[in-house]
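Colleague: Just so it is clear, I am handing over target03.cif, which has mmCIF, C-alpha atoms and all ligand atoms.
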data_query
#
loop_
_atom_site.label_atom_id
_atom_site.label_comp_id
_atom_site.auth_asym_id
_atom_site.auth_seq_id
_atom_site.Cartn_x
_atom_site.Cartn_y
_atom_site.Cartn_z
CA MET A 1 142.20 143.01 18.75
CA GLN A 2 142.55 145.93 21.18
CA ASN A 3 139.53 145.19 23.40
CA PRO A 4 140.69 142.96 26.30
CA VAL A 5 137.12 141.68 26.84
CA PHE A 6 137.12 140.21 23.32
CA ARG A 7 140.54 138.65 23.92
CA GLU A 8 139.44 137.09 27.23
CA ILE A 9 136.22 135.66 25.80
CA ALA A 10 138.06 134.11 22.83
CA ALA A 11 140.68 132.66 25.18
CA GLU A 12 137.97 131.13 27.41
CA ILE A 13 136.23 129.57 24.40
CA GLN A 14 139.58 128.19 23.20
CA ARG A 15 140.28 126.71 26.66
CA PHE A 16 136.79 125.18 26.94
CA GLY A 17 137.25 123.62 23.48
CA GLU A 18 140.42 121.86 24.60
CA THR A 19 138.42 119.56 26.91
CA ALA A 20 134.87 119.72 25.49
CA ARG A 21 133.42 116.38 24.39
CA GLU A 22 130.64 117.56 22.09
CA LEU A 23 130.32 120.40 19.60
CA ALA A 24 126.96 121.33 21.16
CA ASP A 25 128.66 121.82 24.54
CA LEU A 26 131.24 124.19 23.03
CA GLN A 27 128.49 126.06 21.16
CA GLN A 28 126.30 126.41 24.27
CA PHE A 29 129.28 127.59 26.34
CA SER A 30 130.17 130.14 23.65
CA VAL A 31 126.70 131.66 23.24
CA ASN A 32 126.24 131.93 27.02
CA LEU A 33 129.62 133.58 27.57
CA ILE A 34 129.31 135.99 24.63
CA ALA A 35 125.75 137.05 25.56
CA GLU A 36 126.65 137.49 29.25
CA LYS A 37 129.79 139.56 28.66
CA LEU A 38 128.64 141.78 25.78
CA SER A 39 125.50 143.76 26.58
CA SER A 40 124.79 144.91 23.02
CA TYR A 41 124.82 141.30 21.77
CA ASN A 42 121.12 140.63 22.41
CA TRP A 43 120.69 137.40 20.43
CA VAL A 44 123.62 135.01 19.95
CA GLY A 45 123.27 131.71 18.15
CA PHE A 46 124.66 129.10 15.81
CA TYR A 47 123.12 127.94 12.56
CA MET A 48 124.69 124.82 11.02
CA LEU A 49 124.20 123.47 7.48
CA ASP A 50 121.99 120.37 7.51
CA PRO A 51 124.29 117.48 6.44
CA HIS A 52 121.30 115.79 4.79
CA GLU A 53 120.14 118.99 3.07
CA PRO A 54 123.23 121.18 2.54
CA GLY A 55 121.20 124.10 1.16
CA THR A 56 119.52 124.65 4.52
CA LEU A 57 120.74 126.11 7.81
CA VAL A 58 119.43 124.60 11.04
CA LEU A 59 119.25 126.52 14.32
CA GLY A 60 121.67 125.20 16.94
CA PRO A 61 122.43 126.41 20.48
CA PHE A 62 121.38 130.03 21.00
CA ARG A 63 120.83 132.62 23.70
CA GLY A 64 118.06 135.22 23.41
CA ALA A 65 114.43 135.35 22.32
CA PRO A 66 113.06 132.19 20.66
CA THR A 67 112.91 132.52 16.87
CA GLU A 68 110.54 131.03 14.30
CA HIS A 69 113.52 130.76 11.92
CA VAL A 70 114.69 127.29 12.92
CA ARG A 71 115.49 126.31 9.31
CA ILE A 72 116.71 128.91 6.79
CA PRO A 73 117.42 128.10 3.11
CA ILE A 74 120.77 129.58 2.05
CA THR A 75 118.84 131.61 -0.53
CA GLU A 76 117.12 133.56 2.27
CA GLY A 77 117.94 136.02 5.02
CA ILE A 78 121.17 137.60 6.19
CA CYS A 79 122.01 134.11 7.46
CA GLY A 80 121.67 132.63 3.98
CA ALA A 81 123.63 135.51 2.43
CA ALA A 82 126.69 134.82 4.61
CA VAL A 83 126.82 131.23 3.31
CA ALA A 84 126.04 132.18 -0.30
CA GLN A 85 128.70 134.93 -0.30
CA GLY A 86 131.17 132.86 1.71
CA GLU A 87 132.03 135.75 4.01
CA THR A 88 130.95 137.75 7.05
CA VAL A 89 127.89 139.93 6.49
CA VAL A 90 127.31 143.04 8.64
CA VAL A 91 123.99 144.90 8.47
CA ASP A 92 124.06 148.25 10.29
CA ASP A 93 120.31 148.83 9.96
CA VAL A 94 118.19 145.73 9.37
CA SER A 95 115.11 147.83 8.50
CA SER A 96 116.79 148.94 5.27
CA ASP A 97 117.94 145.47 4.17
CA PRO A 98 115.35 143.55 2.13
CA ARG A 99 117.12 140.24 2.84
CA TYR A 100 116.48 140.52 6.58
CA LEU A 101 114.25 137.88 8.22
CA ALA A 102 112.85 139.31 11.46
CA CYS A 103 113.48 137.39 14.65
CA SER A 104 112.67 140.11 17.19
CA LEU A 105 111.00 143.48 16.58
CA GLU A 106 113.71 145.06 18.72
CA THR A 107 116.60 144.01 16.45
CA ARG A 108 118.34 146.94 14.73
CA SER A 109 121.64 145.47 13.47
CA GLU A 110 123.08 142.03 12.75
CA ILE A 111 126.36 140.26 11.98
CA VAL A 112 126.68 136.75 10.56
CA VAL A 113 130.09 135.03 10.50
CA PRO A 114 130.65 131.78 8.57
CA ILE A 115 132.38 128.79 10.21
CA GLU A 116 134.75 126.96 7.88
CA VAL A 117 136.23 123.48 8.09
CA ASN A 118 138.95 122.68 5.56
CA GLY A 119 137.88 125.63 3.43
CA LYS A 120 134.19 124.65 3.38
CA ILE A 121 131.43 126.49 5.21
CA VAL A 122 129.67 124.22 7.71
CA GLY A 123 127.66 126.82 9.62
CA GLU A 124 127.76 130.27 11.12
CA ILE A 125 127.52 132.45 14.21
CA ASP A 126 124.63 134.92 14.11
CA ILE A 127 124.39 137.95 16.42
CA ASP A 128 121.56 140.50 16.66
CA SER A 129 121.66 143.81 18.53
CA HIS A 130 118.94 146.17 19.66
CA ARG A 131 121.38 148.98 18.77
CA GLN A 132 121.81 150.23 15.24
CA LYS A 133 125.34 149.80 13.86
CA ALA A 134 126.44 147.73 16.87
CA PHE A 135 129.11 145.72 15.02
CA GLY A 136 132.41 147.31 14.00
CA THR A 137 135.79 146.02 12.86
CA GLU A 138 136.77 144.73 16.31
CA ASP A 139 133.49 142.80 16.68
CA ARG A 140 134.06 141.24 13.29
CA THR A 141 137.65 140.23 14.11
CA PHE A 142 136.51 138.82 17.47
CA LEU A 143 133.64 136.80 15.99
CA GLU A 144 135.77 135.52 13.11
CA LEU A 145 138.24 134.27 15.73
CA CYS A 146 135.41 132.54 17.63
CA ALA A 147 134.23 130.96 14.36
CA ALA A 148 137.79 129.77 13.64
CA ILE A 149 138.05 128.16 17.11
CA VAL A 150 134.77 126.28 16.54
CA GLY A 151 135.86 125.31 13.03
CA GLN A 152 139.13 123.87 14.38
CA PHE A 153 137.20 121.96 17.05
CA ILE A 154 135.02 120.36 14.34
CA ALA A 155 138.03 119.64 12.10
CA ALA A 156 139.83 117.81 14.94
CA ARG A 157 136.95 115.33 15.44
N1 LIG B 201 117.82 137.70 10.98
C1 LIG B 201 118.23 136.45 10.42
C2 LIG B 201 117.32 135.32 10.84
C3 LIG B 201 117.71 134.68 12.11
S1 LIG B 201 117.19 135.51 13.48
O1 LIG B 201 117.88 136.81 13.52
C4 LIG B 201 117.59 134.72 14.86
C5 LIG B 201 118.31 136.56 8.90
O2 LIG B 201 117.92 137.57 8.34
O3 LIG B 201 118.76 135.60 8.26
#
Here is a file; write its structure as structure tokens.
Ligand code: SME

Modeller:
Amino acid sequence: MQNPVFREIAAEIQRFGETARELADLQQFSVNLIAEKLSSYNWVGFYMLDPHEPGTLVLGPFRGAPTEHVRIPITEGICGAAVAQGETVVVDDVSSDPRYLACSLETRSEIVVPIEVNGKIVGEIDIDSHRQKAFGTEDRTFLELCAAIVGQFIAAR
């Protein structure tokens, strides 16, 4: 990762995770930091699989406009696609992707990164941008690192 801002944010999340008590605290810290430091990341949030209904994602801590999508079946949306495919999904132009579930009319592009624990997806980080094509290779590497840090935090509990 070339961008020092990405490296610093990931390092701060890692450090916070070393003393955090609750997953929700680490998630809230992460969404706040990411949204504050990266101006094109306009909506930043976690969706976690419902342990009682593993086919459904539940909205967790987020930063940005409130969304009606508080529960998303894994058969729907870009969020569902990332779980179903088991990998990061990047959409450069949400208006041309039929899977897209609108959260804000201003959103132009989106990236969803799965969080794994012991090889199983337990949730994801979802980011929306008002800019088209906002998420490149570096963003993906950075967010996959953030997802790995959160996954390790969960695994250690
Ligand atoms: N756009 C997402 C829904 C969540 S909102 O962006 C916050 C999707 O298509 O799954």

Colleague: Between atom CA of A:Asp92 and atom CA of A:Thr56, what distance in Å does the model show, to one decimal?

Modeller: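 One can read the atom CA of A:Asp92 to atom CA of A:Thr56 distance as 24.7 Å.
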
Colleague: Can you work out which one of A:Asn118, A:Ser39, A:Thr75, A:Gln85 has the shortest atom-to-atom distance to ligand LIG 201 (chain B), counting all atoms listed in the file?

Modeller: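 Of A:Asn118, A:Ser39, A:Thr75, A:Gln85, the one nearest ligand LIG 201 (chain B), counting all atoms listed in the file, is A:Thr75.
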
Colleague: Would you list the residues that come within 6 Å of ligand LIG 201 (chain B)? Count all atoms listed in the file and give the answer as a PDB file with C-alpha atoms, keeping the file's coordinate frame.

Modeller:
ATOM      1  CA  THR A  67     112.910 132.520  16.870  1.00  0.00           C
ATOM      2  CA  HIS A  69     113.520 130.760  11.920  1.00  0.00           C
ATOM      3  CA  GLY A  77     117.940 136.020   5.020  1.00  0.00           C
ATOM      4  CA  ILE A  78     121.170 137.600   6.190  1.00  0.00           C
ATOM      5  CA  CYS A  79     122.010 134.110   7.460  1.00  0.00           C
ATOM      6  CA  GLY A  80     121.670 132.630   3.980  1.00  0.00           C
ATOM      7  CA  TYR A 100     116.480 140.520   6.580  1.00  0.00           C
ATOM      8  CA  LEU A 101     114.250 137.880   8.220  1.00  0.00           C
ATOM      9  CA  ALA A 102     112.850 139.310  11.460  1.00  0.00           C
ATOM     10  CA  CYS A 103     113.480 137.390  14.650  1.00  0.00           C
TER      11      CYS A 103
END

Colleague: Which neighbours of A:Asp93 fall inside 6 Å, counting only C-alpha atoms, when residues of the same chain fewer than 4 positions from it are skipped, and could you give them as a ChimeraX atom specification?

Modeller: /A:108-109,132

Colleague: Restricting the calculation to all atoms listed in the file, which member of A:Leu105, A:Ile111, A:Val91, A:Ile125 is positioned closest to A:Gly60?

Modeller: A:Ile125

Colleague: Using all atoms listed in the file, find the one residue out of A:Arg21, A:Lys120, A:His130, A:Arg71 that sits nearest to A:Tyr41.

Modeller: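 Checking each of A:Arg21, A:Lys120, A:His130, A:Arg71 against A:Tyr41, counting all atoms listed in the file, the winner is A:His130.
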
Colleague: How far is it from atom CA of A:Ile13 to atom CA of A:Arg157, in Å with one decimal?

Modeller: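 It comes out at 16.8 Å.
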
Colleague: Please indicate the distance in Å from atom CA of A:Leu26 to atom CA of A:Val122, rounded to one decimal place.

Modeller: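 For atom CA of A:Leu26 relative to atom CA of A:Val122, the distance reads 15.4 Å.
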
Colleague: So that I can check the surroundings of stretch 147-150 of chain A, please list as a PyMOL selection string every protein, DNA and RNA residue that reaches within 9 Å of it, counting all atoms listed in the file and ignoring chain neighbours fewer than 4 positions away.

Modeller: chain A and resi 10+13-14+17+23+26-27+113-117+124-125+142-143+154-155

Colleague: Find the residue from A:Ala84, A:Met1, A:Cys146, A:Ala134 that sits nearest to A:Leu33; use all atoms listed in the file when measuring.

Modeller: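 Using all atoms listed in the file, the shortest distance to A:Leu33 belongs to A:Cys146.
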
Colleague: Looking at all atoms listed in the file, which of A:Pro51, A:Gly86, A:Gly64, A:Gly123 is the one that sits closest to A:Glu106?

Modeller: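 Distance minimum relative to A:Glu106 lands on A:Gly64.
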
Colleague: Using all atoms listed in the file, which of the listed residues (A:Glu53, A:Glu110, A:Asp25, A:Glu8) sits closest to A:Ser96?

Modeller: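 Of all the options, A:Glu110 lies closest to A:Ser96.
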
Colleague: Using all atoms listed in the file, collect all residues at a distance of at most 7 Å from (124.3, 134.9, 20.2) as written in the file, then present them as a list in words.

Modeller: Val31, Ile34, Ala35, Tyr41, Asn42, Trp43, Val44, Gly45, Phe62, Arg63, Asp126 and Ile127 of chain A

Colleague: Please reconstruct the missing atoms of stretch 126-146 of chain A (target: N, CA, C and O atoms) and return them as an mmCIF file, in the coordinates of the input.

Modeller:
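Okay, rebuild.cif is ready:
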data_model
loop_
_atom_site.group_PDB
_atom_site.id
_atom_site.type_symbol
_atom_site.label_atom_id
_atom_site.label_comp_id
_atom_site.auth_asym_id
_atom_site.auth_seq_id
_atom_site.Cartn_x
_atom_site.Cartn_y
_atom_site.Cartn_z
ATOM 1 N N ASP A 126 125.526 133.807 14.423
ATOM 2 C CA ASP A 126 124.630 134.920 14.110
ATOM 3 C C ASP A 126 124.409 135.744 15.372
ATOM 4 O O ASP A 126 124.094 135.186 16.424
ATOM 5 N N ILE A 127 124.609 137.063 15.273
ATOM 6 C CA ILE A 127 124.390 137.950 16.420
ATOM 7 C C ILE A 127 123.454 139.082 16.014
ATOM 8 O O ILE A 127 123.647 139.690 14.955
ATOM 9 N N ASP A 128 122.463 139.350 16.872
ATOM 10 C CA ASP A 128 121.560 140.500 16.660
ATOM 11 C C ASP A 128 121.765 141.478 17.807
ATOM 12 O O ASP A 128 122.016 141.076 18.951
ATOM 13 N N SER A 129 121.611 142.780 17.482
ATOM 14 C CA SER A 129 121.660 143.810 18.530
ATOM 15 C C SER A 129 120.442 144.699 18.456
ATOM 16 O O SER A 129 119.911 144.953 17.365
ATOM 17 N N HIS A 130 120.023 145.193 19.616
ATOM 18 C CA HIS A 130 118.940 146.170 19.660
ATOM 19 C C HIS A 130 119.440 147.559 19.271
ATOM 20 O O HIS A 130 118.647 148.464 19.107
ATOM 21 N N ARG A 131 120.783 147.702 19.174
ATOM 22 C CA ARG A 131 121.380 148.980 18.770
ATOM 23 C C ARG A 131 121.655 148.971 17.283
ATOM 24 O O ARG A 131 122.115 147.959 16.731
ATOM 25 N N GLN A 132 121.414 150.107 16.634
ATOM 26 C CA GLN A 132 121.810 150.230 15.240
ATOM 27 C C GLN A 132 123.325 150.259 15.162
ATOM 28 O O GLN A 132 123.971 150.775 16.089
ATOM 29 N N LYS A 133 123.894 149.701 14.109
ATOM 30 C CA LYS A 133 125.340 149.800 13.860
ATOM 31 C C LYS A 133 126.171 149.325 15.060
ATOM 32 O O LYS A 133 127.150 149.966 15.443
ATOM 33 N N ALA A 134 125.761 148.212 15.651
ATOM 34 C CA ALA A 134 126.440 147.730 16.870
ATOM 35 C C ALA A 134 127.768 147.025 16.571
ATOM 36 O O ALA A 134 128.579 146.841 17.469
ATOM 37 N N PHE A 135 127.970 146.607 15.309
ATOM 38 C CA PHE A 135 129.110 145.720 15.020
ATOM 39 C C PHE A 135 130.151 146.400 14.128
ATOM 40 O O PHE A 135 129.908 146.690 12.957
ATOM 41 N N GLY A 136 131.307 146.671 14.723
ATOM 42 C CA GLY A 136 132.410 147.310 14.000
ATOM 43 C C GLY A 136 133.509 146.313 13.671
ATOM 44 O O GLY A 136 133.323 145.090 13.777
ATOM 45 N N THR A 137 134.667 146.851 13.295
ATOM 46 C CA THR A 137 135.790 146.020 12.860
ATOM 47 C C THR A 137 136.259 145.066 13.956
ATOM 48 O O THR A 137 136.581 143.913 13.687
ATOM 49 N N GLU A 138 136.289 145.573 15.204
ATOM 50 C CA GLU A 138 136.770 144.730 16.310
ATOM 51 C C GLU A 138 135.805 143.564 16.568
ATOM 52 O O GLU A 138 136.241 142.450 16.853
ATOM 53 N N ASP A 139 134.489 143.861 16.478
ATOM 54 C CA ASP A 139 133.490 142.800 16.680
ATOM 55 C C ASP A 139 133.669 141.715 15.611
ATOM 56 O O ASP A 139 133.601 140.525 15.893
ATOM 57 N N ARG A 140 133.904 142.185 14.396
ATOM 58 C CA ARG A 140 134.060 141.240 13.290
ATOM 59 C C ARG A 140 135.301 140.365 13.493
ATOM 60 O O ARG A 140 135.229 139.136 13.345
ATOM 61 N N THR A 141 136.412 140.990 13.862
ATOM 62 C CA THR A 141 137.650 140.230 14.110
ATOM 63 C C THR A 141 137.436 139.216 15.227
ATOM 64 O O THR A 141 137.843 138.056 15.124
ATOM 65 N N PHE A 142 136.788 139.684 16.314
ATOM 66 C CA PHE A 142 136.510 138.820 17.470
ATOM 67 C C PHE A 142 135.642 137.626 17.065
ATOM 68 O O PHE A 142 135.971 136.461 17.376
ATOM 69 N N LEU A 143 134.559 137.890 16.340
ATOM 70 C CA LEU A 143 133.640 136.800 15.990
ATOM 71 C C LEU A 143 134.246 135.854 14.961
ATOM 72 O O LEU A 143 133.981 134.643 14.979
ATOM 73 N N GLU A 144 135.086 136.393 14.075
ATOM 74 C CA GLU A 144 135.770 135.520 13.110
ATOM 75 C C GLU A 144 136.759 134.603 13.839
ATOM 76 O O GLU A 144 136.939 133.443 13.465
ATOM 77 N N LEU A 145 137.353 135.115 14.918
ATOM 78 C CA LEU A 145 138.240 134.270 15.730
ATOM 79 C C LEU A 145 137.426 133.169 16.433
ATOM 80 O O LEU A 145 137.829 132.001 16.437
ATOM 81 N N CYS A 146 136.274 133.542 16.994
ATOM 82 C CA CYS A 146 135.410 132.540 17.630
ATOM 83 C C CYS A 146 135.000 131.462 16.621
ATOM 84 O O CYS A 146 135.021 130.260 16.920
#
